[in-house]
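See structure below.
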Amino acid sequence: MSKPETAIVVGVGPGLGLAIVKGCVEAGMNVVAAARNVERVEKLVADLGPSARAVTCDVTQEKQVAELFLRTASLFGAPALVVFNAGAFVPKGILETDTEEFERCWRVGCLGGFLVGREAVRAMLDAPGDAGKTIIFTGATASLRGSARFHNLAVGKFGLRALAQSMARELGPKGIHVAHVIIDGQIRAEKDGYREAERGPDAVLHPDAIAASYLALHRQPRSAWTQELDLRPWVEKF
């Protein structure tokens, strides 16, 4: 019996991050779920069994990111799949935004992607074998356009998209699939008071459906890799 693949999901909360973790576990993978608030993540993954472990990580701290990958190696081995799903966003006008706040959002959403992506590459290049190795970055509508009061999100997402493109061109020939996923629409979240009847069936992106697309990216044959995938509900305007 072959050893289960290892996945790292960075930026795990009760929505998309948890759905990706669950999807990986259901696919037979061992998963490290990482976030700054490890106690909350431990509660989220408690029902998933020994295949899911919560680890604390602030993606803006280089040392903590390196320790995340060392911890993963000690628990499950080198990662075959790494998902960067972290982000920070404060909607404000340009004159209302202070320097510290702007930098914090950029550090989480863009610098964090660089630090996680770099450690993922190191771990994957050192891993033996020719099995699938995938790095996925979560983008948003703001990856493509900066809307009013969205500069705190758009600047980091623009940069993250550029990072993914550069990494894909560099690492594809080395056997590492780098993909960027644009989530172009609202993700369903019960905490936001969303009710299906208000907007119609499947009018928002379901986290489990997004997670299925992430796993499909990881399973793609290398003769036909996707570098950028955009997802939106069937009723969403382009």
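Each chain in the structure tokens gets a letter, A, B, ..., in the order shown, and its residues are numbered from 1; ligands are numbered from 1 in order too.
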Close residues, Ala140 in chain A itself excluded, 7 Å, only C-alpha atoms, min 3 positions apart in chain, as a list in words: Ser143, Ile182, Ile183 and Asp184 of chain A
Polymer residues at most 10 Å from Phe150 in chain A, only C-alpha atoms, same-chain spacing of 6 or more positions, as a ChimeraX atom specification: /A:89-94,142
Please produce an output containing N, CA and C atoms for each residue in the selection, written as a short mmCIF file (atom, residue, chain, number, x, y, z; two decimals), in the first residue's frame.
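Wrote it out as part-v2.cif, contents follow:
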```
data_model
loop_
_atom_site.label_atom_id
_atom_site.label_comp_id
_atom_site.auth_asym_id
_atom_site.auth_seq_id
_atom_site.Cartn_x
_atom_site.Cartn_y
_atom_site.Cartn_z
N PHE A 89 -8.21 41.88 5.07
CA PHE A 89 -8.91 42.91 4.30
C PHE A 89 -9.69 43.82 5.24
N VAL A 90 -9.49 45.12 5.09
CA VAL A 90 -10.26 46.12 5.82
C VAL A 90 -10.81 47.11 4.79
N PRO A 91 -12.12 47.11 4.53
CA PRO A 91 -12.68 48.03 3.53
C PRO A 91 -12.69 49.46 4.05
N LYS A 92 -11.95 50.33 3.38
CA LYS A 92 -11.86 51.73 3.79
C LYS A 92 -11.53 52.61 2.59
N GLY A 93 -11.84 53.86 2.72
CA GLY A 93 -11.42 54.82 1.72
C GLY A 93 -9.92 55.07 1.84
N ILE A 94 -9.32 55.60 0.77
CA ILE A 94 -7.87 55.78 0.75
C ILE A 94 -7.42 56.75 1.84
N ALA A 142 -10.74 40.69 -6.66
CA ALA A 142 -9.77 41.77 -6.49
C ALA A 142 -8.40 41.44 -7.05
#
```
Range 33-201 of chain A: which residues are strand (DSSP E or B) by DSSP, as a list in words? Ala33, Ala34, Ala35, Ala52, Arg53, Ala54, Val55, Thr56, Leu81, Val82, Val83, Phe84, Thr134, Ile135, Ile136, Phe137, Thr138, Gly139, Ala140, His177, Val178, Ala179, His180, Val181, Ile182, Ile183 and Ile187 of chain A
Would you mind exporting N, CA and C atoms of the selected residues as a PDB file, in the first residue's frame?
```
ATOM      1  N   ALA A  33      -3.448  21.632   8.977  1.00  0.00           N
ATOM      2  CA  ALA A  33      -4.278  22.827   8.871  1.00  0.00           C
ATOM      3  C   ALA A  33      -3.631  23.932   9.692  1.00  0.00           C
ATOM      4  N   ALA A  34      -3.229  25.010   9.038  1.00  0.00           N
ATOM      5  CA  ALA A  34      -2.447  26.057   9.698  1.00  0.00           C
ATOM      6  C   ALA A  34      -3.191  27.380   9.730  1.00  0.00           C
ATOM      7  N   ALA A  35      -3.053  28.075  10.860  1.00  0.00           N
ATOM      8  CA  ALA A  35      -3.603  29.407  11.036  1.00  0.00           C
ATOM      9  C   ALA A  35      -2.984  30.013  12.275  1.00  0.00           C
ATOM     10  N   ALA A  52      -5.873  14.763  10.170  1.00  0.00           N
ATOM     11  CA  ALA A  52      -5.842  16.224  10.142  1.00  0.00           C
ATOM     12  C   ALA A  52      -5.258  16.735  11.447  1.00  0.00           C
ATOM     13  N   ARG A  53      -4.231  17.552  11.326  1.00  0.00           N
ATOM     14  CA  ARG A  53      -3.582  18.119  12.509  1.00  0.00           C
ATOM     15  C   ARG A  53      -3.509  19.630  12.379  1.00  0.00           C
ATOM     16  N   ALA A  54      -3.774  20.322  13.468  1.00  0.00           N
ATOM     17  CA  ALA A  54      -3.728  21.784  13.486  1.00  0.00           C
ATOM     18  C   ALA A  54      -2.358  22.256  13.952  1.00  0.00           C
ATOM     19  N   VAL A  55      -1.810  23.247  13.243  1.00  0.00           N
ATOM     20  CA  VAL A  55      -0.500  23.808  13.583  1.00  0.00           C
ATOM     21  C   VAL A  55      -0.601  25.330  13.516  1.00  0.00           C
ATOM     22  N   THR A  56      -0.012  26.016  14.474  1.00  0.00           N
ATOM     23  CA  THR A  56      -0.048  27.471  14.465  1.00  0.00           C
ATOM     24  C   THR A  56       0.973  28.038  13.486  1.00  0.00           C
ATOM     25  N   LEU A  81       0.828  18.663  -1.764  1.00  0.00           N
ATOM     26  CA  LEU A  81      -0.081  19.773  -2.070  1.00  0.00           C
ATOM     27  C   LEU A  81       0.044  20.829  -0.989  1.00  0.00           C
ATOM     28  N   VAL A  82       0.232  22.075  -1.401  1.00  0.00           N
ATOM     29  CA  VAL A  82       0.245  23.208  -0.475  1.00  0.00           C
ATOM     30  C   VAL A  82      -0.739  24.247  -0.993  1.00  0.00           C
ATOM     31  N   VAL A  83      -1.659  24.655  -0.129  1.00  0.00           N
ATOM     32  CA  VAL A  83      -2.657  25.659  -0.485  1.00  0.00           C
ATOM     33  C   VAL A  83      -2.454  26.891   0.383  1.00  0.00           C
ATOM     34  N   PHE A  84      -2.265  28.035  -0.258  1.00  0.00           N
ATOM     35  CA  PHE A  84      -2.176  29.299   0.464  1.00  0.00           C
ATOM     36  C   PHE A  84      -3.520  29.986   0.384  1.00  0.00           C
ATOM     37  N   THR A 134       1.942  20.112  -6.079  1.00  0.00           N
ATOM     38  CA  THR A 134       1.085  21.225  -6.472  1.00  0.00           C
ATOM     39  C   THR A 134       1.078  22.318  -5.414  1.00  0.00           C
ATOM     40  N   ILE A 135       1.150  23.566  -5.866  1.00  0.00           N
ATOM     41  CA  ILE A 135       1.007  24.732  -5.002  1.00  0.00           C
ATOM     42  C   ILE A 135      -0.144  25.563  -5.557  1.00  0.00           C
ATOM     43  N   ILE A 136      -1.136  25.851  -4.702  1.00  0.00           N
ATOM     44  CA  ILE A 136      -2.310  26.602  -5.135  1.00  0.00           C
ATOM     45  C   ILE A 136      -2.460  27.856  -4.285  1.00  0.00           C
ATOM     46  N   PHE A 137      -2.646  28.991  -4.954  1.00  0.00           N
ATOM     47  CA  PHE A 137      -2.878  30.261  -4.285  1.00  0.00           C
ATOM     48  C   PHE A 137      -4.338  30.674  -4.487  1.00  0.00           C
ATOM     49  N   THR A 138      -5.001  31.070  -3.406  1.00  0.00           N
ATOM     50  CA  THR A 138      -6.388  31.524  -3.494  1.00  0.00           C
ATOM     51  C   THR A 138      -6.432  33.015  -3.835  1.00  0.00           C
ATOM     52  N   GLY A 139      -7.030  33.319  -4.968  1.00  0.00           N
ATOM     53  CA  GLY A 139      -7.224  34.698  -5.389  1.00  0.00           C
ATOM     54  C   GLY A 139      -8.673  35.113  -5.214  1.00  0.00           C
ATOM     55  N   ALA A 140      -9.030  36.269  -5.777  1.00  0.00           N
ATOM     56  CA  ALA A 140     -10.375  36.820  -5.636  1.00  0.00           C
ATOM     57  C   ALA A 140     -10.676  37.718  -6.828  1.00  0.00           C
ATOM     58  N   HIS A 177       3.511  21.950 -10.080  1.00  0.00           N
ATOM     59  CA  HIS A 177       2.356  22.611 -10.680  1.00  0.00           C
ATOM     60  C   HIS A 177       1.932  23.766  -9.783  1.00  0.00           C
ATOM     61  N   VAL A 178       2.011  24.984 -10.283  1.00  0.00           N
ATOM     62  CA  VAL A 178       1.601  26.171  -9.529  1.00  0.00           C
ATOM     63  C   VAL A 178       0.343  26.742 -10.173  1.00  0.00           C
ATOM     64  N   ALA A 179      -0.717  26.906  -9.380  1.00  0.00           N
ATOM     65  CA  ALA A 179      -1.990  27.380  -9.903  1.00  0.00           C
ATOM     66  C   ALA A 179      -2.528  28.517  -9.045  1.00  0.00           C
ATOM     67  N   HIS A 180      -3.255  29.411  -9.678  1.00  0.00           N
ATOM     68  CA  HIS A 180      -3.889  30.541  -9.013  1.00  0.00           C
ATOM     69  C   HIS A 180      -5.379  30.460  -9.295  1.00  0.00           C
ATOM     70  N   VAL A 181      -6.199  30.486  -8.236  1.00  0.00           N
ATOM     71  CA  VAL A 181      -7.645  30.337  -8.385  1.00  0.00           C
ATOM     72  C   VAL A 181      -8.336  31.650  -8.017  1.00  0.00           C
ATOM     73  N   ILE A 182      -9.052  32.211  -8.981  1.00  0.00           N
ATOM     74  CA  ILE A 182      -9.803  33.442  -8.753  1.00  0.00           C
ATOM     75  C   ILE A 182     -11.206  33.078  -8.288  1.00  0.00           C
ATOM     76  N   ILE A 183     -11.530  33.423  -7.049  1.00  0.00           N
ATOM     77  CA  ILE A 183     -12.873  33.198  -6.531  1.00  0.00           C
ATOM     78  C   ILE A 183     -13.694  34.446  -6.854  1.00  0.00           C
ATOM     79  N   ILE A 187     -18.591  33.684  -1.269  1.00  0.00           N
ATOM     80  CA  ILE A 187     -18.521  32.316  -0.760  1.00  0.00           C
ATOM     81  C   ILE A 187     -19.579  32.144   0.317  1.00  0.00           C
TER      82      ILE A 187
END
```
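Here CA of Gly172 in chain A stands at a distance of 21.8 Å from CA of Val10 in chain A.
With CA of Gly23 in chain A on one side and CA of Leu215 in chain A on the other, the separation reads 7.5 Å.
For the set A:Glu26, A:Ala86, A:His218, A:Val235, the residue with the smallest atom-to-atom gap to Val9 in chain A is A:Ala86, counting only C-alpha atoms.
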List every residue of range 105-224 of chain A that DSSP, applied to the backbone of this structure, places in alpha helix (DSSP H), and write the result as number ranges by chain. A: 105-106, 112-126, 151-171, 196-199, 207-219
Given the choices A:Glu119, A:Lys157, A:Pro221, A:Asp202, which gets closest to Leu70 in chain A if the distance is worked out from only C-alpha atoms? A:Glu119
As a list in words, please: the residues near Asp126 in chain A (cut-off 10 Å, only C-alpha atoms, same-chain neighbours under 4 positions excluded). Ala78, Val121 and Arg122 of chain A
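You can rank A:Leu205, A:Val45, A:Gly109, A:Lys174 by their closest distance to Gly11 in chain A using only C-alpha atoms, and at the top of that list sits A:Gly109.
Here CA of Leu95 in chain A is placed at a distance of 23.7 Å from CA of Leu111 in chain A.
Considering only C-alpha atoms, the residue among A:Glu5, A:Glu67, A:Glu42, A:Glu228 positioned nearest to Cys24 in chain A is A:Glu5.
When only C-alpha atoms are used to compute distances to Leu16 in chain A, the closest of the residues A:Trp234, A:Gln165, A:Asn85, A:Ala73 turns out to be A:Asn85.
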Can you tell me which residues surround Pro14 in chain A at a distance of at most 7 Å, considering only C-alpha atoms, apart from same-chain residues fewer than 3 positions away, and format the answer as number ranges by chain? A: 17-18, 44
Applying 10 Å and only C-alpha atoms, which residues near Ala203 in chain A remain after dropping the ones on its own chain fewer than 6 positions away? List them as a PyMOL selection string. chain A and resi 185-188+196-197+232-236
